[in-house]
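J.: Coordinates in work_23.cif, mmCIF, C-alpha atoms and all ligand atoms, are listed below.
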```cif
data_upload
loop_
_atom_site.label_atom_id
_atom_site.label_comp_id
_atom_site.auth_asym_id
_atom_site.auth_seq_id
_atom_site.Cartn_x
_atom_site.Cartn_y
_atom_site.Cartn_z
CA MET A 28 -14.80 13.39 24.32
CA LYS A 29 -17.52 16.01 24.23
CA ARG A 30 -20.88 14.90 22.88
CA ARG A 31 -20.63 17.35 20.02
CA ASP A 32 -17.23 16.00 18.97
CA PHE A 33 -18.56 12.49 19.07
CA PHE A 34 -21.27 13.33 16.58
CA LYS A 35 -18.76 14.97 14.31
CA THR A 36 -16.50 11.94 14.18
CA SER A 37 -19.31 9.41 13.90
CA MET A 38 -20.69 11.30 10.94
CA VAL A 39 -17.35 11.16 9.18
CA ALA A 40 -17.22 7.43 9.90
CA SER A 41 -20.65 6.77 8.45
CA VAL A 42 -19.88 8.74 5.32
CA ALA A 43 -16.74 6.65 4.84
CA LEU A 44 -18.77 3.50 5.33
CA LEU A 45 -21.44 4.33 2.80
CA GLY A 46 -18.84 5.07 0.17
CA SER A 47 -20.01 5.71 -3.35
CA SER A 48 -23.02 3.42 -3.63
CA SER A 49 -24.85 6.24 -5.44
CA GLU A 50 -22.19 6.13 -8.12
CA LEU A 51 -22.85 2.48 -9.01
CA LEU A 52 -22.64 2.13 -12.74
CA ALA A 53 -25.18 -0.50 -13.69
CA GLY A 54 -23.89 -3.17 -16.00
CA THR A 55 -20.19 -2.57 -15.44
CA THR A 56 -17.82 -4.55 -13.26
CA HIS A 57 -15.81 -1.60 -12.06
CA LYS A 58 -16.48 1.60 -10.16
CA PRO A 59 -14.03 4.21 -8.84
CA ILE A 60 -12.55 3.64 -5.39
CA ASP A 61 -13.63 6.74 -3.51
CA ASN A 62 -11.59 8.89 -1.24
CA ARG A 63 -11.92 7.56 2.30
CA LYS A 64 -11.25 9.61 5.44
CA SER A 65 -10.00 8.80 8.91
CA SER A 66 -12.70 8.30 11.54
CA GLY A 67 -10.79 10.69 13.80
CA VAL A 68 -10.89 8.05 16.54
CA ALA A 69 -7.76 6.15 17.55
CA PHE A 70 -7.63 2.55 18.80
CA PRO A 71 -4.90 1.63 21.32
CA GLU A 72 -1.43 1.66 19.67
CA LYS A 73 -2.96 3.12 16.48
CA LYS A 74 -3.34 6.55 14.94
CA PRO A 75 -6.84 7.51 13.77
CA MET A 76 -7.57 5.38 10.69
CA ILE A 77 -10.40 4.65 8.26
CA THR A 78 -12.80 2.65 10.45
CA TYR A 79 -15.33 0.09 9.16
CA SER A 80 -16.23 -1.45 12.49
CA ASN A 81 -15.30 -1.19 16.17
CA ARG A 82 -16.08 -4.75 17.16
CA PRO A 83 -14.27 -6.51 15.69
CA PRO A 84 -11.88 -3.65 14.84
CA LEU A 85 -11.56 -3.11 11.08
CA LEU A 86 -9.14 -0.32 10.25
CA GLU A 87 -7.74 0.78 6.90
CA SER A 88 -4.53 2.78 6.40
CA LEU A 89 -4.75 6.24 4.87
CA ARG A 90 -3.29 6.79 1.41
CA SER A 91 -0.52 8.95 2.88
CA THR A 92 0.82 5.82 4.63
CA PHE A 93 2.07 4.46 1.30
CA THR A 94 4.95 6.84 0.65
CA ARG A 95 7.39 4.64 2.59
CA GLY A 96 8.63 1.10 2.07
CA ILE A 97 8.01 0.16 5.69
CA THR A 98 4.60 0.76 7.27
CA GLU A 99 4.68 2.11 10.82
CA ASN A 100 3.04 -0.18 13.40
CA ASP A 101 0.60 2.55 14.45
CA GLU A 102 -0.60 3.05 10.86
CA PHE A 103 -0.85 -0.63 9.93
CA PHE A 104 -4.30 -1.86 8.84
CA VAL A 105 -6.34 -4.19 11.06
CA ARG A 106 -8.73 -6.98 10.19
CA TRP A 107 -10.38 -9.48 12.54
CA HIS A 108 -13.28 -11.79 11.71
CA LEU A 109 -14.50 -12.50 15.22
CA PRO A 110 -15.36 -10.01 17.95
CA ASP A 111 -14.35 -11.98 21.05
CA ILE A 112 -10.65 -11.05 21.15
CA PRO A 113 -8.94 -11.70 24.52
CA THR A 114 -8.47 -8.39 26.31
CA HIS A 115 -5.62 -9.60 28.50
CA LEU A 116 -2.59 -11.69 27.50
CA ASP A 117 0.60 -12.19 29.48
CA ASP A 118 3.74 -14.37 29.64
CA SER A 119 1.64 -17.48 30.28
CA PHE A 120 0.36 -17.38 26.65
CA LYS A 121 1.16 -20.70 24.97
CA ILE A 122 1.20 -22.00 21.46
CA LYS A 123 0.07 -25.61 21.38
CA VAL A 124 1.58 -27.82 18.67
CA GLY A 125 -0.38 -31.08 18.40
CA GLY A 126 -2.04 -33.63 16.13
CA LEU A 127 0.20 -35.97 14.14
CA VAL A 128 3.38 -35.11 16.04
CA LYS A 129 5.74 -37.29 18.06
CA LYS A 130 5.73 -34.93 21.02
CA GLU A 131 3.08 -32.31 21.74
CA LEU A 132 4.57 -28.88 22.50
CA ASN A 133 3.25 -25.99 24.58
CA LEU A 134 5.55 -23.11 23.76
CA THR A 135 5.67 -19.75 25.49
CA VAL A 136 6.94 -16.71 23.59
CA LYS A 137 10.04 -16.94 25.80
CA ASP A 138 10.63 -20.51 24.53
CA LEU A 139 10.48 -19.23 20.96
CA LYS A 140 12.93 -16.42 21.74
CA ASN A 141 15.41 -18.54 23.75
CA ASN A 142 15.30 -21.99 22.18
CA PHE A 143 15.05 -21.41 18.43
CA LYS A 144 17.19 -19.67 15.85
CA PRO A 145 15.81 -16.16 15.18
CA VAL A 146 15.16 -15.17 11.57
CA GLU A 147 13.99 -11.97 9.91
CA VAL A 148 11.95 -11.32 6.81
CA THR A 149 10.48 -8.11 5.42
CA ALA A 150 7.16 -8.89 3.78
CA VAL A 151 3.92 -7.32 2.58
CA VAL A 152 0.62 -8.14 4.26
CA GLN A 153 -2.40 -7.60 2.05
CA CYS A 154 -6.00 -8.66 2.52
CA GLY A 155 -7.27 -10.63 -0.48
CA GLY A 156 -10.19 -8.18 -0.50
CA ASN A 157 -8.04 -5.03 -0.64
CA SER A 158 -9.69 -2.51 -3.05
CA ARG A 159 -12.87 -4.64 -3.08
CA SER A 160 -15.02 -1.49 -3.31
CA ALA A 161 -14.00 -1.20 -6.98
CA PHE A 162 -16.10 -4.24 -7.92
CA ASP A 163 -19.60 -3.80 -9.28
CA PRO A 164 -21.95 -5.51 -8.51
CA MET A 165 -20.78 -5.21 -4.93
CA PRO A 166 -19.40 -8.49 -3.54
CA GLY A 167 -19.92 -9.41 0.12
CA GLY A 168 -17.23 -8.43 2.61
CA ILE A 169 -15.66 -5.22 3.84
CA GLN A 170 -15.78 -2.52 1.18
CA TRP A 171 -12.07 -1.69 1.48
CA GLY A 172 -10.42 1.13 -0.39
CA SER A 173 -6.78 0.34 -1.23
CA GLY A 174 -5.30 0.60 2.27
CA ALA A 175 -5.82 -2.98 3.50
CA THR A 176 -2.09 -3.62 3.14
CA GLY A 177 1.19 -2.86 4.91
CA CYS A 178 4.82 -3.95 4.87
CA ALA A 179 6.87 -4.71 7.99
CA LYS A 180 10.13 -6.26 9.10
CA TRP A 181 9.13 -9.43 10.93
CA LYS A 182 11.33 -11.33 13.38
CA GLY A 183 10.59 -14.76 14.76
CA VAL A 184 11.32 -18.44 14.30
CA ARG A 185 10.87 -20.75 11.34
CA LEU A 186 7.61 -22.68 11.43
CA ILE A 187 9.49 -25.66 10.04
CA ASP A 188 11.92 -25.57 13.01
CA VAL A 189 8.97 -25.69 15.41
CA LEU A 190 7.40 -28.59 13.51
CA LYS A 191 10.74 -30.44 13.54
CA ARG A 192 11.04 -29.93 17.30
CA ALA A 193 7.62 -31.56 17.74
CA GLY A 194 8.56 -34.25 15.21
CA LEU A 195 6.14 -35.03 12.38
CA GLN A 196 4.59 -38.49 12.27
CA ASN A 197 4.41 -40.47 9.03
CA GLY A 198 1.75 -39.15 6.68
CA ALA A 199 1.71 -35.63 8.15
CA GLU A 200 0.56 -33.38 5.31
CA TRP A 201 -1.83 -30.58 6.37
CA ILE A 202 -1.39 -28.08 9.19
CA THR A 203 -4.12 -25.91 10.70
CA PHE A 204 -3.57 -22.58 12.45
CA ASN A 205 -5.92 -21.09 15.02
CA GLY A 206 -5.79 -17.77 16.86
CA ALA A 207 -6.84 -17.06 20.45
CA GLU A 208 -9.99 -15.06 19.60
CA LYS A 209 -13.44 -16.63 19.51
CA PRO A 210 -16.81 -16.16 17.83
CA ALA A 211 -19.49 -14.35 19.80
CA TYR A 212 -22.01 -17.16 19.13
CA ASP A 213 -21.60 -20.93 19.21
CA LYS A 214 -22.81 -21.34 15.64
CA THR A 215 -20.31 -18.94 14.04
CA PRO A 216 -17.35 -20.88 12.68
CA ASP A 217 -13.97 -20.22 14.31
CA PHE A 218 -11.33 -18.53 12.13
CA VAL A 219 -8.96 -21.42 11.41
CA ARG A 220 -6.67 -21.59 8.39
CA GLU A 221 -4.67 -24.38 6.80
CA LEU A 222 -1.49 -24.91 4.79
CA GLU A 223 -0.13 -27.98 3.07
CA LEU A 224 3.37 -29.02 4.23
CA SER A 225 4.78 -28.22 0.75
CA GLU A 226 3.66 -24.57 1.13
CA ILE A 227 5.77 -24.11 4.26
CA LYS A 228 8.97 -22.65 2.87
CA ASP A 229 11.96 -21.54 4.96
CA ASN A 230 10.62 -17.96 5.09
CA VAL A 231 7.33 -18.93 6.73
CA ILE A 232 7.82 -17.80 10.31
CA ILE A 233 6.07 -17.39 13.63
CA ALA A 234 6.81 -13.73 14.32
CA TYR A 235 7.09 -12.12 17.77
CA GLU A 236 8.47 -8.78 16.52
CA MET A 237 7.19 -6.26 14.00
CA ASN A 238 9.52 -3.43 12.99
CA GLY A 239 11.72 -4.05 16.04
CA GLU A 240 8.89 -3.99 18.61
CA ASP A 241 6.31 -6.35 20.07
CA LEU A 242 3.46 -6.81 17.61
CA PRO A 243 0.66 -4.29 18.23
CA TYR A 244 -2.19 -6.04 20.00
CA LEU A 245 -4.51 -5.58 17.03
CA ASN A 246 -1.93 -7.00 14.61
CA GLY A 247 -1.74 -10.27 16.50
CA PHE A 248 0.26 -9.88 19.73
CA PRO A 249 2.13 -11.86 20.92
CA VAL A 250 2.79 -14.00 17.78
CA ARG A 251 1.45 -14.37 14.27
CA LEU A 252 2.16 -16.48 11.24
CA ILE A 253 4.05 -14.79 8.38
CA VAL A 254 3.61 -16.29 4.90
CA PRO A 255 5.64 -14.06 2.53
CA GLY A 256 4.03 -13.62 -0.89
CA TYR A 257 0.60 -14.90 0.19
CA TYR A 258 -2.54 -12.84 0.82
CA SER A 259 -2.95 -12.32 4.53
CA ASP A 260 -5.89 -14.65 5.20
CA SER A 261 -3.17 -17.24 5.97
CA TRP A 262 -1.25 -14.93 8.32
CA VAL A 263 -3.02 -16.11 11.48
CA LYS A 264 -2.72 -13.62 14.37
CA MET A 265 -2.54 -14.29 18.12
CA LEU A 266 -1.53 -17.78 17.00
CA SER A 267 -2.38 -20.28 19.75
CA GLU A 268 -2.83 -23.68 18.09
CA ILE A 269 -0.94 -25.53 15.37
CA THR A 270 -2.40 -28.94 14.56
CA VAL A 271 -0.99 -31.50 12.13
CA TYR A 272 -3.25 -33.77 10.02
CA ASP A 273 -2.74 -36.41 7.36
CA LYS A 274 -5.64 -35.17 5.20
CA TYR A 275 -7.06 -31.80 4.22
CA LYS A 276 -9.38 -30.78 7.03
CA HIS A 277 -12.61 -29.16 5.89
CA LEU A 278 -12.93 -25.75 7.55
CA PHE A 279 -15.39 -22.93 6.91
CA PHE A 280 -12.68 -20.36 6.20
CA MET A 281 -10.92 -22.74 3.78
CA ASP A 282 -13.94 -24.21 1.97
CA LYS A 283 -16.12 -21.09 1.78
CA GLY A 284 -13.89 -18.04 2.14
CA TYR A 285 -10.79 -16.83 0.27
CA ARG A 286 -11.49 -18.76 -2.91
CA ILE A 287 -11.59 -17.53 -6.48
CA ALA A 288 -12.83 -18.91 -9.81
CA ASP A 289 -10.50 -21.68 -10.98
CA ASN A 290 -10.10 -20.58 -14.61
CA ALA A 291 -7.50 -18.68 -16.65
CA THR A 292 -8.86 -15.19 -15.84
CA GLU A 293 -9.92 -16.04 -12.26
CA SER A 294 -13.22 -14.33 -13.02
CA GLU A 295 -16.89 -15.15 -13.45
CA ASP A 296 -20.23 -13.71 -14.46
CA PRO A 297 -22.40 -12.54 -11.52
CA LYS A 298 -25.32 -14.44 -13.11
CA ASN A 299 -23.27 -17.53 -13.91
CA LEU A 300 -20.82 -18.28 -11.13
CA ALA A 301 -17.85 -20.56 -11.79
CA LYS A 302 -18.42 -24.16 -10.66
CA LYS A 303 -14.80 -24.72 -9.68
CA THR A 304 -12.88 -22.50 -7.25
CA LYS A 305 -9.38 -22.52 -5.75
CA PRO A 306 -7.82 -20.78 -2.73
CA ILE A 307 -6.24 -17.36 -3.28
CA THR A 308 -2.52 -17.77 -2.55
CA PHE A 309 0.22 -15.58 -4.10
CA MET A 310 -0.45 -11.86 -4.56
CA ASN A 311 -0.57 -10.35 -8.04
CA VAL A 312 1.37 -7.21 -9.02
CA LYS A 313 -0.01 -3.97 -7.58
CA SER A 314 0.92 -0.41 -6.60
CA ILE A 315 -0.51 2.49 -4.59
CA ILE A 316 0.23 6.17 -4.96
CA GLY A 317 0.89 7.59 -1.46
CA TYR A 318 1.46 11.18 -2.56
CA PRO A 319 -0.22 13.27 -3.76
CA ASP A 320 -3.62 12.43 -2.31
CA ASN A 321 -6.96 12.87 -4.08
CA ASP A 322 -8.35 16.43 -4.05
CA MET A 323 -5.03 18.02 -3.14
CA VAL A 324 -4.46 21.50 -4.51
CA LEU A 325 -1.02 21.98 -6.12
CA ARG A 326 0.61 24.99 -7.69
CA LYS A 327 1.33 25.37 -11.36
CA ASN A 328 5.09 25.12 -12.10
CA SER A 329 5.84 23.70 -8.63
CA HIS A 330 8.04 20.63 -8.24
CA ILE A 331 6.01 17.61 -7.25
CA VAL A 332 7.43 14.24 -6.35
CA VAL A 333 4.87 11.48 -6.86
CA ARG A 334 5.63 8.74 -4.33
CA GLY A 335 4.24 5.31 -3.68
CA VAL A 336 4.87 1.61 -3.22
CA ALA A 337 4.63 -1.45 -5.48
CA TRP A 338 4.79 -5.19 -4.74
CA ASP A 339 3.80 -8.65 -5.91
CA GLY A 340 3.91 -12.20 -4.61
CA GLY A 341 7.70 -12.41 -4.46
CA SER A 342 9.15 -12.17 -7.98
CA GLY A 343 9.93 -8.49 -7.31
CA ILE A 344 9.17 -5.22 -9.07
CA ALA A 345 10.95 -4.45 -12.35
CA LYS A 346 9.35 -1.10 -13.21
CA VAL A 347 6.76 1.40 -12.13
CA LEU A 348 5.38 3.66 -14.87
CA ILE A 349 3.56 6.95 -14.36
CA SER A 350 1.04 8.54 -16.70
CA THR A 351 -0.38 12.06 -16.55
CA ASP A 352 -2.43 11.76 -19.76
CA GLY A 353 -4.93 9.08 -18.82
CA GLY A 354 -2.68 6.17 -19.74
CA LYS A 355 -1.75 7.18 -23.30
CA THR A 356 1.96 7.66 -22.51
CA TRP A 357 4.04 6.36 -19.62
CA ASP A 358 7.26 7.49 -17.97
CA GLU A 359 9.49 5.43 -15.70
CA ALA A 360 9.66 6.19 -11.98
CA LYS A 361 12.82 5.73 -9.85
CA LEU A 362 12.74 2.62 -7.68
CA LYS A 363 14.25 1.79 -4.30
CA ASN A 364 14.14 -1.48 -2.40
CA LYS A 365 16.66 -2.65 0.21
CA ASN A 366 14.28 -5.16 1.77
CA GLY A 367 13.96 -7.91 -0.84
CA ASN A 368 11.32 -9.16 -3.24
CA PHE A 369 8.61 -9.85 -0.65
CA ALA A 370 8.74 -6.21 0.53
CA TYR A 371 7.37 -2.99 -0.92
CA THR A 372 9.46 -1.32 -3.60
CA GLU A 373 9.30 2.48 -3.23
CA PHE A 374 8.81 4.59 -6.34
CA ARG A 375 9.37 8.29 -6.97
CA TYR A 376 8.60 10.44 -9.96
CA ALA A 377 9.42 14.14 -10.30
CA TYR A 378 6.84 16.20 -12.17
CA LYS A 379 6.13 19.87 -12.85
CA PRO A 380 2.54 20.73 -13.79
CA THR A 381 2.53 23.46 -16.43
CA LYS A 382 -1.25 23.81 -16.85
CA THR A 383 -3.96 24.71 -14.35
CA GLY A 384 -7.01 22.53 -13.90
CA GLU A 385 -7.59 18.88 -13.02
CA LEU A 386 -4.61 16.53 -13.14
CA THR A 387 -4.66 12.75 -12.77
CA PHE A 388 -1.60 10.67 -11.93
CA MET A 389 -1.70 6.96 -12.74
CA ALA A 390 0.80 4.34 -11.54
CA LYS A 391 1.35 0.95 -13.15
CA ALA A 392 3.74 -1.63 -11.71
CA ILE A 393 5.41 -4.40 -13.75
CA ASN A 394 7.01 -7.36 -11.97
CA ASN A 395 10.08 -9.42 -12.84
CA LYS A 396 7.89 -11.98 -14.61
CA GLY A 397 6.69 -9.23 -16.97
CA GLU A 398 3.17 -9.18 -15.49
CA GLU A 399 1.64 -5.71 -15.28
CA GLN A 400 -1.36 -4.08 -13.66
CA PRO A 401 -4.43 -3.87 -15.91
CA PHE A 402 -6.42 -0.66 -16.38
CA ALA A 403 -9.10 -0.43 -13.70
CA GLU A 404 -11.87 -0.88 -16.29
CA ASP A 405 -10.31 -4.12 -17.54
CA ILE A 406 -10.51 -5.86 -14.17
CA LYS A 407 -12.90 -8.77 -14.32
CA TRP A 408 -15.40 -9.58 -11.61
CA ASN A 409 -15.27 -12.37 -9.02
CA ARG A 410 -17.83 -13.04 -6.27
CA GLY A 411 -15.44 -12.55 -3.35
CA GLY A 412 -14.07 -9.27 -4.69
CA TYR A 413 -10.54 -10.65 -4.40
CA LYS A 414 -7.20 -9.82 -6.03
CA TYR A 415 -8.16 -6.39 -7.42
CA ASN A 416 -5.01 -4.88 -8.92
CA GLY A 417 -6.22 -2.19 -11.32
CA ILE A 418 -3.88 0.72 -12.10
CA ASP A 419 -4.12 3.23 -9.25
CA SER A 420 -4.97 6.86 -9.97
CA VAL A 421 -5.12 10.08 -7.98
CA LYS A 422 -6.83 13.29 -9.06
CA VAL A 423 -5.55 16.68 -7.91
CA LYS A 424 -6.26 20.30 -8.82
CA VAL A 425 -3.56 22.59 -10.17
CA ILE A 426 -4.01 26.32 -9.51
N1 LIG A 501 -6.46 -14.79 14.45
C1 LIG A 501 -6.79 -14.18 13.30
N2 LIG A 501 -5.85 -13.99 12.38
C2 LIG A 501 -6.15 -13.37 11.22
C3 LIG A 501 -7.47 -12.97 10.92
C4 LIG A 501 -8.46 -13.17 11.93
O1 LIG A 501 -9.64 -12.84 11.78
N3 LIG A 501 -8.08 -13.79 13.10
N4 LIG A 501 -7.76 -12.38 9.72
C5 LIG A 501 -6.81 -12.58 8.62
C6 LIG A 501 -7.04 -11.64 7.53
S1 LIG A 501 -8.28 -12.03 6.43
C7 LIG A 501 -6.27 -10.53 7.34
S2 LIG A 501 -6.56 -9.47 6.06
C8 LIG A 501 -5.11 -10.27 8.23
C9 LIG A 501 -5.04 -8.83 8.69
O2 LIG A 501 -3.84 -8.61 9.38
P1 LIG A 501 -3.64 -7.29 10.22
O3 LIG A 501 -4.84 -7.11 11.09
O4 LIG A 501 -2.37 -7.44 10.98
O5 LIG A 501 -3.51 -6.17 9.23
O6 LIG A 501 -5.10 -11.09 9.36
C10 LIG A 501 -5.38 -12.45 9.09
N5 LIG A 501 -5.16 -13.20 10.30
MO MO A 502 -8.36 -10.38 4.86
#
```
Would you mind writing the file out in structure tokens?
T.:
Amino acid sequence: MKRRDFFKTSMVASVALLGSSSELLAGTTHKPIDNRKSSGVAFPEKKPMITYSNRPPLLESLRSTFTRGITENDEFFVRWHLPDIPTHLDDSFKIKVGGLVKKELNLTVKDLKNNFKPVEVTAVVQCGGNSRSAFDPMPGGIQWGSGATGCAKWKGVRLIDVLKRAGLQNGAEWITFNGAEKPAYDKTPDFVRELELSEIKDNVIIAYEMNGEDLPYLNGFPVRLIVPGYYSDSWVKMLSEITVYDKYKHLFFMDKGYRIADNATESEDPKNLAKKTKPITFMNVKSIIGYPDNDMVLRKNSHIVVRGVAWDGGSGIAKVLISTDGGKTWDEAKLKNKNGNFAYTEFRYAYKPTKTGELTFMAKAINNKGEEQPFAEDIKWNRGGYKYNGIDSVKVKVI
């Protein structure tokens, strides 16, 4: 890359990083999610994406990604906590299954492929902090726009089959999951996550395929845990260790991270934090408009098809409603989903703008339990900036 080009792209990246801090509205708990741009720089196996950090790689998908029910591997978002990610992995990679088991296992990916029943599940991955940049005051963590999510067809083996092969000892109750990457410093806690045995349903799998291919390196090659319906902090990538315990094991990323106020609204006052917290688990109902994008220029009287995706934690999407008058009236979009309730449901809405000027599209999803997305300004604050699901909106210009 020429030096001049480098400066161009790094400037775009820093603008995206700074976001809209100047637009902070004092005293409110919500600010608009601004329009983020690609860094122009591509990581291996990825297209250029919105880039928050190089080491560890933190990449967000562009809005245009969310017009289709399946997210392409090379557009899929990336989040790692620790920078020391192995740079070379081969067939000798093993997943160790230990702790309270009758027989310790050291499984290669080949073992998983040859000696277990393969299963497939299409499921949405979403960071608990997706859309965090909408919260004000700003919580700690990556200031994601709304592209820290994707949906893929995963193939692998049931976690429960692997645990059965090892044989659980009496009293086995909690399972920890560790990936192959490491902290850069001794004192940084390792990223280890934990599930209770009762949370491990039949659709929780160790996946070795994503959309019919090996997992991209940055999405957890060679294997990752898939927990349909759950936020992706539990979807441990480059999974290398599964350990069984009889009691909850205290871990930094269980005790400190990925927790939310344990009250009816899962919210708290920045000056009076909730005393009790609970882990974030199932995703709430949410949608993203993939087309049109913010700042697009459209023609008066042209035929526009608004497209996007909606999902929740597994009950499925009943309706997606579109508003072009700021949420006063709503019209139903057409839905399509052949991939089940843990996958994205695609929505489409045909519209013809008859006036010139600014036009805002809003999308609101409603799930099969009757839960719907709140207006952005009604979202209540929590310290981790988790579970934001305000109604999405996109502003275009009609000429
Ligand atoms: N090994 C490992 N797995 C991990 C993480 C991590 O830091 N290390 N981060 C988790 C979090 S918080 C998210 S949002 C997802 C991101 O998955 P992706 O990079 O495939 O999009 O990975 C999860 N699994
Ligand atoms: Mo995350």
J.: At a cut-off of 6 Å around ligand MO 502 (chain A), and using all atoms listed in the file, what residues come up? Please write them as a list in words.
T.: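 Checking all atoms listed in the file against ligand MO 502 (chain A) at 6 Å gives Cys154, Gly155, Ser259 and Asp260 of chain A.
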J.: When you look at range 78-88 of chain A with a cut-off of 9 Å (counting only C-alpha atoms), what residues show up, excluding the ones that are within fewer than 3 positions of it in the same chain? I need them as a count of residues only.
T.: 35
J.: One decimal, in Å: what's the spacing between CA of Glu385 in chain A and CA of Val347 in chain A?
T.: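 Computing it gives 22.6 Å between the two atoms.
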J.: Using all atoms listed in the file, determine which residues lie at most 12 Å from Asp241 in chain A, disregarding the query and same-chain residues fewer than 4 positions distant; provide the list as a CSV table (one decimal) with C-alpha atoms, in the coordinates of the input.
T.:
```
chain,number,residue,atom,x,y,z
A,72,GLU,CA,-1.4,1.7,19.7
A,100,ASN,CA,3.0,-0.2,13.4
A,101,ASP,CA,0.6,2.6,14.4
A,136,VAL,CA,6.9,-16.7,23.6
A,180,LYS,CA,10.1,-6.3,9.1
A,181,TRP,CA,9.1,-9.4,10.9
A,182,LYS,CA,11.3,-11.3,13.4
A,183,GLY,CA,10.6,-14.8,14.8
A,234,ALA,CA,6.8,-13.7,14.3
A,235,TYR,CA,7.1,-12.1,17.8
A,236,GLU,CA,8.5,-8.8,16.5
A,237,MET,CA,7.2,-6.3,14.0
A,245,LEU,CA,-4.5,-5.6,17.0
A,246,ASN,CA,-1.9,-7.0,14.6
A,247,GLY,CA,-1.7,-10.3,16.5
A,248,PHE,CA,0.3,-9.9,19.7
A,249,PRO,CA,2.1,-11.9,20.9
A,250,VAL,CA,2.8,-14.0,17.8
A,251,ARG,CA,1.4,-14.4,14.3
```
J.: Give me, please, the distance in Å between CA of Arg375 in chain A and atom S2 of ligand LIG 501 (chain A), quoted to one decimal.
T.: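 Separation of CA of Arg375 in chain A and atom S2 of ligand LIG 501 (chain A): 27.2 Å.
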J.: Any idea what the distance is between CA of Val254 in chain A and CA of Asn230 in chain A?
T.: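 Answer for the CA of Val254 in chain A to CA of Asn230 in chain A separation: 7.2 Å.
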J.: Go through A:Leu127, A:Ile202, A:Ile77, A:Leu186 one by one, measure the shortest atom-to-atom distance of each to Tyr275 in chain A using all atoms listed in the file, and give the residue with the smallest value.
T.: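 Result for the nearest residue to Tyr275 in chain A: A:Ile202.
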J.: Please provide as a count of residues only all residues within 12 Å of Ala370 in chain A, with the sequence filter that same-chain residues fewer than 5 positions apart are discarded (counting only C-alpha atoms).
T.: 32
J.: Find, counting only C-alpha atoms and all ligand atoms, the residue in A:Asp289, A:Glu359, A:Glu221, A:Asp352 that gets nearest to ligand LIG 501 (chain A).
T.: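 Ranked by minimum distance to ligand LIG 501 (chain A), first place goes to A:Glu221.
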J.: Between A:Gly198, A:Lys361, A:Asn368, A:Gly284, single out the one closest to Asn394 in chain A, counting only C-alpha atoms.
T.: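 Using only C-alpha atoms, the shortest distance to Asn394 in chain A belongs to A:Asn368.
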J.: Could you check the closest approach to Leu190 in chain A for each of A:Lys130, A:Lys209, A:Arg326, A:Lys144 and tell me which residue wins, using all atoms listed in the file?
T.: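 Closest residue, counting all atoms listed in the file: A:Lys130.
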J.: So that I can check the surroundings of Thr270 in chain A, please list as number ranges by chain every protein, DNA and RNA residue that reaches within 10 Å of it, counting only C-alpha atoms and ignoring chain neighbours fewer than 3 positions away.
T.: A: 123-128, 131, 190, 201-205, 221
J.: Take every atom of ligand LIG 501 (chain A) listed in the file, pad by 4 Å on each side, and give me the axis-aligned box centre and edge lengths in Å, one decimal, as lines of an AutoDock Vina configuration file.
T.:
```
center_x = -6.0
center_y = -10.5
center_z = 10.3
size_x = 15.3
size_y = 16.6
size_z = 16.4
```
J.: Go through A:Val189, A:Met281, A:Ile418, A:Ala211 one by one, measure the shortest atom-to-atom distance of each to Glu399 in chain A using all atoms listed in the file, and give the residue with the smallest value.
T.: A:Ile418
J.: Between A:Leu266, A:Ile233, A:Ala161, A:Ile60, which residue has the minimum interatomic distance to ligand LIG 501 (chain A), considering all atoms listed in the file?
T.: A:Leu266
J.: Tell me which protein, DNA and RNA residues are within 12 Å of Arg159 in chain A, counting all atoms listed in the file, leaving out same-chain ones fewer than 5 positions away, and put them as number ranges by chain.
T.: A: 46, 56-61, 154, 164-175, 406-417
J.: Step by step: start from the point (3.9, 7.2, -0.8) in the file's coordinates, keep every protein, DNA or RNA residue that has an atom no farther than 8 Å from it, count all atoms listed in the file, and write the set as number ranges by chain.
T.: A: 90-95, 315-319, 333-336, 373-374
